[in-house]
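Trainee: Sharing a structure below in structure tokens format, with a few things to ask.
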Amino acid sequence: MTDFRDSVESMIPALRRYARALTRDIDLADDLVQDTLVRALRSEKLFLGGDLRAWLYTILTNLNRNRRRSLARRPVLTELHDTPEPSGTEAEGRDITRALATLPDEQRAVLLLVALEGLSYRDVAEIQGVPMGTVMSRLARARAQIRSVLDGERPVLRRIK
Amino acid sequence: MIHDTPITEDELHAYVDGELPPERREAVEAWLAAHPDDDARVRQWRAMSEMLHEKYDHVIDEPVPAHLSLDRLDRRPRQWASMAVAATLAAFIIGGGAGYALRGVITPSPVIASLTGDALEAHRLYVVEVRHPVEVAANERAHLQQWLTNRCGWPVRAPELDAQGLKLVGGRLLPGPTGPASFFMYENAAGERFTIYASRAAGGTSNMRYAARDQDGAMSWADKGVGYVVAGPVDKQKLTQVARLVFDQTEGQKL
């Protein structure tokens with residue numbers, strides 16, 4: 001159905017932005033978006049209406065979560081990639097990127113979905129498959145943590161369990 | 001009085017994110033005017049959002065890379081409806097031994113017919129087993145999938161058939177006509193068993209075929225060089241539903 005494809009197509013730029021912020025890696029982000037699109041196109045007949053945007057974000061978020069879970073379980077210090085920054089204050093850009101990297105996956109996702117992608121709390125609850133209260137608690141903790149990092153209280157590298 | 005209304009943490013976040021009901025706005029703003037610490041936090045949350053937008057909004061304006069173009073990603077859409085029609089037209093009977101008795105308009109490919117025969121043999125052999133129906137049980141699903149993937153050479157996954165009331169019993173490795181075959185067994189609360197047999201099938205992709213032999217039925221198709229056979233009690237409607245679930249969950253990209 002052309003409407004479906006057109007709607008999916010129109011969301012690609014925003015999905016790329018979200019994936020970029022989520023993974024902090026250009027190629028990885030586009031791979032995630034590609035996987036998301038493939039699944040969305042294949043599942044057209046399974047998508048029974050509802051919010052297409054939320055559905056696409058759900059697929060992408062889940063794909064990233066699966067990817068993260070399958071990474072080595074040994075404790076590893078994150079290596080933070082400096083993505084080339086075409087606009088904005090370079091120092092500020094690095095700070096928010098590093099601060100994001102210190103967040104657990106679910107908190108990072110909530111913060112980005114709300115503050116960057118502008119999704120409603122209800123949508124985020126649906127995307128993450130949790131109650132609204134959990135979304136609010138993740139959001140509060142994410143904002144508190146980012147604040148601490150930006151204020152220079154916490155170290156920027158974190159141990160991944 | 002509005003200025004005495006207690007404000008919750010959640011409402012501060014909602015205020016920043018445009019999620020606050022309009023009637024609460026005045027109370028929140030009054031609170032922030034009276035509580036500089038909270039006001040500073042709210043400002044910082046806003047600043048975080050701005051930093052995120054400054055850092056990442058440019059991606060929206062980037063041209064979409066070629067490998068994300070929908071035309072490239074969208075291979076010929078998998079048309080369930082046309083495959084189901086082919087199944088009703090192409091019912092055929094699997095005979096034992098020498099040949100196949102064909103009944104129906106469309107001739108099944110010899111490869112699919114052979115695969116279906118083997119799959120039904122395996123189905124009949126193992127579904128009657130009480131103690132050893134499978135080699136690796138469902139509680140080792142991840143290991144089972146990995147093992148079969150390693151041996152068979154394509155991504156082998158046991159689909160989720162909960163929607164048809166079927167739970168995975170487990171799986172095993174079998175010899176297929178031209179190489180190894182993966183084999184999964186499922187069971188419902190009534191004790192009925194369905195199996196999914198997959199093996200390499202030269203000739204790419206084919207439409208779905210229905211076959212029956214005595215009390216067992218099977219739906220078969222090939223998808224990018226792998227042939228699938230879903231076998232179970234001879235109830236064509238039920239088999240079609242199960243086959244559909246399997247079909248929807250199998251990878252389009254193979255080998």
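Naming scheme: A, B, ... for chains in displayed order of the structure tokens; residues 1 onward per chain; ligands 1 onward as shown.
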Please identify every residue of chain B that has at least one atom no more than 8 Å from any atom of chain A, counting only C-alpha atoms, and report them as a ChimeraX atom specification.
Mentor: /B:10,13,17,19,44-45,48-49,51-62,64,67-68,70,73-74,77-78,248
Trainee: Run DSSP on the backbone and tell me which residues of stretch 119-236 of chain B come out as strand (DSSP E or B); list them as a VMD selection string.
Mentor: chain B and resid 136 to 137 167 to 175 180 to 187 193 to 200 209 to 213 216 to 223 226 to 233
Trainee: Write out as a tab-separated table (two decimals) with N, CA and C atoms, in the first residue's frame all residues of stretch 6-255 of chain B that DSSP puts in helix (DSSP H, G or I) for this structure's backbone.
Mentor:
```tsv
chain	number	residue	atom	x	y	z
B	9	GLU	N	7.05	16.25	41.19
B	9	GLU	CA	8.23	16.15	40.31
B	9	GLU	C	7.80	15.92	38.87
B	10	ASP	N	6.87	14.99	38.72
B	10	ASP	CA	6.40	14.63	37.37
B	10	ASP	C	5.86	15.85	36.65
B	11	GLU	N	5.23	16.75	37.40
B	11	GLU	CA	4.64	17.92	36.76
B	11	GLU	C	5.72	18.88	36.27
B	12	LEU	N	6.83	18.92	36.98
B	12	LEU	CA	7.94	19.75	36.51
B	12	LEU	C	8.45	19.24	35.17
B	13	HIS	N	8.61	17.92	35.07
B	13	HIS	CA	9.05	17.34	33.80
B	13	HIS	C	8.01	17.60	32.71
B	14	ALA	N	6.75	17.38	33.08
B	14	ALA	CA	5.68	17.57	32.10
B	14	ALA	C	5.64	19.01	31.60
B	15	TYR	N	5.94	19.93	32.48
B	15	TYR	CA	5.96	21.34	32.11
B	15	TYR	C	7.01	21.60	31.03
B	16	VAL	N	8.17	21.01	31.20
B	16	VAL	CA	9.25	21.19	30.23
B	16	VAL	C	8.91	20.50	28.90
B	17	ASP	N	8.23	19.36	29.00
B	17	ASP	CA	7.98	18.55	27.80
B	17	ASP	C	6.65	18.82	27.13
B	22	PRO	N	-3.29	22.17	30.72
B	22	PRO	CA	-3.26	23.64	30.78
B	22	PRO	C	-3.67	24.21	32.14
B	23	GLU	N	-4.60	23.51	32.82
B	23	GLU	CA	-5.08	24.07	34.08
B	23	GLU	C	-4.04	24.02	35.19
B	24	ARG	N	-2.96	23.29	34.98
B	24	ARG	CA	-1.92	23.19	36.01
B	24	ARG	C	-0.78	24.18	35.76
B	25	ARG	N	-0.81	24.80	34.63
B	25	ARG	CA	0.32	25.63	34.22
B	25	ARG	C	0.60	26.76	35.20
B	26	GLU	N	-0.48	27.42	35.55
B	26	GLU	CA	-0.31	28.58	36.44
B	26	GLU	C	0.31	28.16	37.77
B	27	ALA	N	-0.16	27.03	38.30
B	27	ALA	CA	0.35	26.56	39.59
B	27	ALA	C	1.83	26.23	39.50
B	28	VAL	N	2.21	25.58	38.41
B	28	VAL	CA	3.62	25.21	38.25
B	28	VAL	C	4.48	26.46	38.12
B	29	GLU	N	4.02	27.41	37.35
B	29	GLU	CA	4.82	28.63	37.16
B	29	GLU	C	4.95	29.41	38.45
B	30	ALA	N	3.86	29.40	39.23
B	30	ALA	CA	3.92	30.08	40.52
B	30	ALA	C	4.94	29.39	41.43
B	31	TRP	N	4.94	28.08	41.42
B	31	TRP	CA	5.89	27.31	42.23
B	31	TRP	C	7.31	27.63	41.84
B	32	LEU	N	7.57	27.63	40.53
B	32	LEU	CA	8.93	27.88	40.06
B	32	LEU	C	9.38	29.29	40.42
B	33	ALA	N	8.45	30.23	40.37
B	33	ALA	CA	8.80	31.61	40.74
B	33	ALA	C	9.21	31.67	42.21
B	34	ALA	N	8.62	30.80	43.02
B	34	ALA	CA	8.89	30.83	44.46
B	34	ALA	C	10.00	29.88	44.89
B	36	PRO	N	13.62	28.85	43.62
B	36	PRO	CA	14.70	29.04	42.64
B	36	PRO	C	15.49	27.77	42.32
B	37	ASP	N	15.61	26.86	43.28
B	37	ASP	CA	16.34	25.62	43.00
B	37	ASP	C	15.62	24.81	41.93
B	38	ASP	N	14.32	24.67	42.10
B	38	ASP	CA	13.54	23.93	41.11
B	38	ASP	C	13.54	24.66	39.77
B	39	ASP	N	13.51	25.98	39.86
B	39	ASP	CA	13.53	26.75	38.62
B	39	ASP	C	14.85	26.52	37.86
B	40	ALA	N	15.94	26.46	38.62
B	40	ALA	CA	17.24	26.20	37.97
B	40	ALA	C	17.27	24.84	37.32
B	41	ARG	N	16.70	23.84	38.01
B	41	ARG	CA	16.67	22.49	37.43
B	41	ARG	C	15.89	22.47	36.12
B	42	VAL	N	14.72	23.11	36.16
B	42	VAL	CA	13.86	23.13	34.97
B	42	VAL	C	14.58	23.82	33.81
B	43	ARG	N	15.28	24.89	34.13
B	43	ARG	CA	16.04	25.57	33.06
B	43	ARG	C	17.12	24.66	32.50
B	44	GLN	N	17.75	23.91	33.39
B	44	GLN	CA	18.80	23.03	32.90
B	44	GLN	C	18.23	21.91	32.04
B	45	TRP	N	17.06	21.40	32.41
B	45	TRP	CA	16.43	20.38	31.57
B	45	TRP	C	16.16	20.94	30.18
B	46	ARG	N	15.68	22.18	30.15
B	46	ARG	CA	15.44	22.82	28.84
B	46	ARG	C	16.75	22.94	28.07
B	47	ALA	N	17.80	23.32	28.78
B	47	ALA	CA	19.09	23.48	28.12
B	47	ALA	C	19.57	22.15	27.55
B	48	MET	N	19.32	21.05	28.27
B	48	MET	CA	19.69	19.72	27.77
B	48	MET	C	18.99	19.44	26.45
B	49	SER	N	17.69	19.74	26.41
B	49	SER	CA	16.95	19.50	25.16
B	49	SER	C	17.55	20.32	24.04
B	50	GLU	N	17.88	21.56	24.33
B	50	GLU	CA	18.46	22.40	23.29
B	50	GLU	C	19.79	21.85	22.82
B	51	MET	N	20.61	21.37	23.77
B	51	MET	CA	21.90	20.80	23.38
B	51	MET	C	21.70	19.58	22.48
B	52	LEU	N	20.71	18.76	22.81
B	52	LEU	CA	20.45	17.58	21.99
B	52	LEU	C	20.05	17.99	20.58
B	53	HIS	N	19.18	18.99	20.51
B	53	HIS	CA	18.76	19.43	19.18
B	53	HIS	C	19.91	20.04	18.40
B	54	GLU	N	20.72	20.83	19.09
B	54	GLU	CA	21.87	21.44	18.43
B	54	GLU	C	22.83	20.39	17.91
B	55	LYS	N	22.98	19.34	18.68
B	55	LYS	CA	23.94	18.30	18.32
B	55	LYS	C	23.43	17.40	17.21
B	56	TYR	N	22.13	17.10	17.20
B	56	TYR	CA	21.63	16.03	16.33
B	56	TYR	C	20.63	16.43	15.26
B	58	HIS	N	20.88	18.20	12.75
B	58	HIS	CA	21.42	18.26	11.39
B	58	HIS	C	21.20	16.95	10.63
B	59	VAL	N	21.05	15.85	11.39
B	59	VAL	CA	20.84	14.56	10.73
B	59	VAL	C	19.54	14.57	9.91
B	60	ILE	N	18.55	15.32	10.41
B	60	ILE	CA	17.26	15.40	9.70
B	60	ILE	C	17.47	15.97	8.30
B	61	ASP	N	18.40	16.91	8.20
B	61	ASP	CA	18.59	17.57	6.91
B	61	ASP	C	19.54	16.84	5.99
B	66	ALA	N	21.78	6.01	0.13
B	66	ALA	CA	21.17	5.11	-0.86
B	66	ALA	C	20.75	3.78	-0.27
B	67	HIS	N	21.55	3.26	0.68
B	67	HIS	CA	21.20	1.93	1.18
B	67	HIS	C	19.99	1.94	2.10
B	68	LEU	N	19.43	3.14	2.35
B	68	LEU	CA	18.19	3.20	3.11
B	68	LEU	C	16.99	3.50	2.22
B	70	LEU	N	13.85	2.98	0.19
B	70	LEU	CA	12.84	1.94	0.32
B	70	LEU	C	12.74	1.08	-0.93
B	71	ASP	N	13.00	1.67	-2.08
B	71	ASP	CA	12.93	0.87	-3.31
B	71	ASP	C	13.95	-0.25	-3.28
B	72	ARG	N	15.11	0.03	-2.74
B	72	ARG	CA	16.12	-1.02	-2.67
B	72	ARG	C	15.78	-2.05	-1.61
B	73	LEU	N	15.23	-1.58	-0.48
B	73	LEU	CA	14.98	-2.48	0.64
B	73	LEU	C	13.75	-3.33	0.41
B	80	TRP	N	1.01	-12.89	0.78
B	80	TRP	CA	0.41	-14.05	1.42
B	80	TRP	C	-0.81	-14.52	0.64
B	81	ALA	N	-1.61	-13.56	0.20
B	81	ALA	CA	-2.89	-13.94	-0.44
B	81	ALA	C	-2.65	-14.80	-1.67
B	82	SER	N	-1.72	-14.41	-2.51
B	82	SER	CA	-1.50	-15.20	-3.73
B	82	SER	C	-0.90	-16.55	-3.41
B	83	MET	N	-0.13	-16.63	-2.34
B	83	MET	CA	0.44	-17.93	-1.99
B	83	MET	C	-0.64	-18.86	-1.47
B	84	ALA	N	-1.57	-18.31	-0.72
B	84	ALA	CA	-2.64	-19.15	-0.18
B	84	ALA	C	-3.53	-19.68	-1.31
B	85	VAL	N	-3.74	-18.83	-2.32
B	85	VAL	CA	-4.53	-19.29	-3.47
B	85	VAL	C	-3.84	-20.45	-4.15
B	86	ALA	N	-2.53	-20.31	-4.32
B	86	ALA	CA	-1.78	-21.40	-4.95
B	86	ALA	C	-1.93	-22.68	-4.15
B	87	ALA	N	-1.99	-22.54	-2.85
B	87	ALA	CA	-2.11	-23.74	-2.01
B	87	ALA	C	-3.44	-24.44	-2.25
B	88	THR	N	-4.51	-23.69	-2.40
B	88	THR	CA	-5.79	-24.37	-2.60
B	88	THR	C	-5.83	-25.04	-3.97
B	89	LEU	N	-5.14	-24.49	-4.93
B	89	LEU	CA	-5.16	-25.08	-6.26
B	89	LEU	C	-4.27	-26.31	-6.37
B	110	PRO	N	9.66	-30.84	-8.36
B	110	PRO	CA	10.16	-32.12	-7.81
B	110	PRO	C	10.90	-31.91	-6.49
B	111	VAL	N	11.59	-30.79	-6.40
B	111	VAL	CA	12.36	-30.53	-5.18
B	111	VAL	C	11.41	-30.40	-3.99
B	112	ILE	N	10.37	-29.62	-4.18
B	112	ILE	CA	9.42	-29.41	-3.08
B	112	ILE	C	8.69	-30.70	-2.75
B	113	ALA	N	8.34	-31.44	-3.78
B	113	ALA	CA	7.64	-32.70	-3.53
B	113	ALA	C	8.53	-33.64	-2.72
B	114	SER	N	9.80	-33.71	-3.10
B	114	SER	CA	10.73	-34.58	-2.40
B	114	SER	C	10.92	-34.14	-0.96
B	115	LEU	N	11.06	-32.85	-0.79
B	115	LEU	CA	11.24	-32.28	0.55
B	115	LEU	C	10.03	-32.58	1.42
B	116	THR	N	8.86	-32.43	0.81
B	116	THR	CA	7.63	-32.66	1.57
B	116	THR	C	7.54	-34.11	2.02
B	117	GLY	N	7.92	-35.00	1.12
B	117	GLY	CA	7.92	-36.42	1.47
B	117	GLY	C	8.83	-36.70	2.65
B	118	ASP	N	10.04	-36.17	2.57
B	118	ASP	CA	10.99	-36.38	3.67
B	118	ASP	C	10.48	-35.78	4.97
B	119	ALA	N	9.89	-34.60	4.86
B	119	ALA	CA	9.41	-33.91	6.06
B	119	ALA	C	8.28	-34.69	6.71
B	120	LEU	N	7.40	-35.23	5.89
B	120	LEU	CA	6.29	-36.00	6.45
B	120	LEU	C	6.80	-37.29	7.08
B	121	GLU	N	7.80	-37.89	6.47
B	121	GLU	CA	8.41	-39.08	7.07
B	121	GLU	C	8.95	-38.75	8.46
B	122	ALA	N	9.69	-37.64	8.53
B	122	ALA	CA	10.27	-37.24	9.81
B	122	ALA	C	9.15	-36.92	10.82
B	123	HIS	N	8.13	-36.23	10.32
B	123	HIS	CA	7.02	-35.87	11.20
B	123	HIS	C	6.40	-37.12	11.82
B	124	ARG	N	6.07	-38.10	10.96
B	124	ARG	CA	5.42	-39.31	11.45
B	124	ARG	C	6.33	-40.10	12.38
B	125	LEU	N	7.64	-40.07	12.10
B	125	LEU	CA	8.59	-40.84	12.89
B	125	LEU	C	8.70	-40.29	14.31
B	126	TYR	N	8.73	-38.95	14.43
B	126	TYR	CA	9.07	-38.38	15.73
B	126	TYR	C	7.89	-37.92	16.58
B	127	VAL	N	6.74	-37.58	15.94
B	127	VAL	CA	5.65	-37.06	16.79
B	127	VAL	C	5.07	-38.13	17.70
B	138	ALA	N	13.32	-27.39	24.38
B	138	ALA	CA	13.02	-25.95	24.26
B	138	ALA	C	13.72	-25.11	25.32
B	139	ASN	N	14.07	-25.71	26.44
B	139	ASN	CA	14.74	-24.91	27.47
B	139	ASN	C	16.16	-24.53	27.06
B	140	GLU	N	16.64	-25.09	25.97
B	140	GLU	CA	17.94	-24.69	25.43
B	140	GLU	C	17.78	-24.08	24.04
B	141	ARG	N	16.76	-23.26	23.93
B	141	ARG	CA	16.38	-22.73	22.62
B	141	ARG	C	17.52	-22.03	21.90
B	142	ALA	N	18.22	-21.15	22.64
B	142	ALA	CA	19.29	-20.37	22.00
B	142	ALA	C	20.37	-21.30	21.47
B	143	HIS	N	20.74	-22.28	22.28
B	143	HIS	CA	21.76	-23.24	21.86
B	143	HIS	C	21.29	-24.04	20.65
B	144	LEU	N	20.03	-24.46	20.70
B	144	LEU	CA	19.45	-25.24	19.60
B	144	LEU	C	19.53	-24.47	18.30
B	145	GLN	N	19.12	-23.20	18.34
B	145	GLN	CA	19.12	-22.37	17.14
B	145	GLN	C	20.55	-22.18	16.62
B	146	GLN	N	21.46	-21.95	17.53
B	146	GLN	CA	22.85	-21.73	17.12
B	146	GLN	C	23.44	-22.99	16.49
B	147	TRP	N	23.18	-24.12	17.14
B	147	TRP	CA	23.69	-25.40	16.63
B	147	TRP	C	23.18	-25.68	15.23
B	148	LEU	N	21.86	-25.53	15.04
B	148	LEU	CA	21.27	-25.81	13.74
B	148	LEU	C	21.76	-24.81	12.69
B	149	THR	N	21.90	-23.55	13.11
B	149	THR	CA	22.43	-22.55	12.18
B	149	THR	C	23.83	-22.93	11.72
B	150	ASN	N	24.67	-23.36	12.66
B	150	ASN	CA	26.04	-23.74	12.32
B	150	ASN	C	26.06	-24.91	11.35
B	151	ARG	N	25.22	-25.91	11.58
B	151	ARG	CA	25.23	-27.11	10.74
B	151	ARG	C	24.55	-26.90	9.40
B	152	CYS	N	23.47	-26.13	9.41
B	152	CYS	CA	22.67	-26.03	8.19
B	152	CYS	C	23.17	-24.94	7.25
B	162	ASP	N	2.88	-19.10	19.74
B	162	ASP	CA	1.93	-18.95	20.86
B	162	ASP	C	0.54	-18.57	20.36
B	163	ALA	N	0.49	-17.77	19.32
B	163	ALA	CA	-0.80	-17.32	18.81
B	163	ALA	C	-1.67	-18.48	18.32
B	164	GLN	N	-1.05	-19.62	18.02
B	164	GLN	CA	-1.79	-20.82	17.64
B	164	GLN	C	-1.82	-21.83	18.77
B	236	LYS	N	-6.70	-28.68	7.16
B	236	LYS	CA	-6.06	-27.73	6.24
B	236	LYS	C	-6.13	-26.29	6.75
B	237	GLN	N	-7.23	-25.93	7.36
B	237	GLN	CA	-7.38	-24.56	7.83
B	237	GLN	C	-6.38	-24.26	8.94
B	238	LYS	N	-6.26	-25.18	9.87
B	238	LYS	CA	-5.33	-25.01	10.98
B	238	LYS	C	-3.90	-24.97	10.47
B	239	LEU	N	-3.59	-25.88	9.56
B	239	LEU	CA	-2.25	-25.91	8.98
B	239	LEU	C	-1.92	-24.59	8.30
B	240	THR	N	-2.91	-24.06	7.59
B	240	THR	CA	-2.68	-22.78	6.91
B	240	THR	C	-2.35	-21.69	7.91
B	241	GLN	N	-3.07	-21.65	9.02
B	241	GLN	CA	-2.82	-20.62	10.04
B	241	GLN	C	-1.42	-20.77	10.63
B	242	VAL	N	-1.05	-22.01	10.94
B	242	VAL	CA	0.28	-22.23	11.52
B	242	VAL	C	1.35	-21.87	10.50
B	243	ALA	N	1.14	-22.32	9.26
B	243	ALA	CA	2.13	-22.04	8.21
B	243	ALA	C	2.29	-20.55	8.01
B	244	ARG	N	1.20	-19.83	8.10
B	244	ARG	CA	1.28	-18.38	7.94
B	244	ARG	C	2.17	-17.75	9.00
B	245	LEU	N	1.98	-18.19	10.25
B	245	LEU	CA	2.81	-17.66	11.34
B	245	LEU	C	4.28	-17.95	11.09
B	246	VAL	N	4.57	-19.16	10.64
B	246	VAL	CA	5.96	-19.53	10.36
B	246	VAL	C	6.49	-18.68	9.22
B	247	PHE	N	5.70	-18.59	8.17
B	247	PHE	CA	6.07	-17.82	6.98
B	247	PHE	C	6.42	-16.38	7.34
B	248	ASP	N	5.59	-15.76	8.17
B	248	ASP	CA	5.79	-14.36	8.50
B	248	ASP	C	7.05	-14.14	9.32
B	249	GLN	N	7.50	-15.18	10.00
B	249	GLN	CA	8.65	-15.01	10.86
B	249	GLN	C	9.97	-15.48	10.26
```
Trainee: Just to confirm, what's the straight-line distance from atom CA of A:Val110 to atom CA of A:Arg53 in Å (one decimal)?
Mentor: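 Those two atoms sit 15.3 Å apart.
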Trainee: I'd like to know which of A:Thr23, A:Thr58, A:Ser10, A:Thr134 is closest to A:Asp105, using only C-alpha atoms.
Mentor: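 Between A:Thr23, A:Thr58, A:Ser10, A:Thr134, the residue approaching A:Asp105 most closely is A:Thr23.
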Trainee: Just the residues within 7 Å of B:Arg193, please, counting only C-alpha atoms, with nothing from its chain fewer than 4 positions along; format it as a list in words.
Mentor: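 Using only C-alpha atoms, the neighbours found are Val127, Met185, Tyr186, Glu187, Asn188 and Gly232 of chain B.
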Trainee: If you count only C-alpha atoms, which residues fall within 8 Å of A:Ala125, apart from same-chain ones fewer than 5 positions away, as a list in words?
Mentor: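 Here the qualifying residues turn out to be Val130, Pro131, Met132, Thr134 and Val135 of chain A.
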Trainee: Of the candidates B:Lys224, B:Arg209, B:Arg172, B:His35, which shows the shortest atom-to-atom distance to B:Trp154, using only C-alpha atoms?
Mentor: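 Answer, going by the shortest atom-to-atom distance: B:Lys224.
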Trainee: State, in Å with one decimal place, the distance from atom CA of B:Thr250 to atom CA of B:Ser69.
Mentor: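 Spanning atom CA of B:Thr250 to atom CA of B:Ser69 is a straight-line distance of 22.6 Å.
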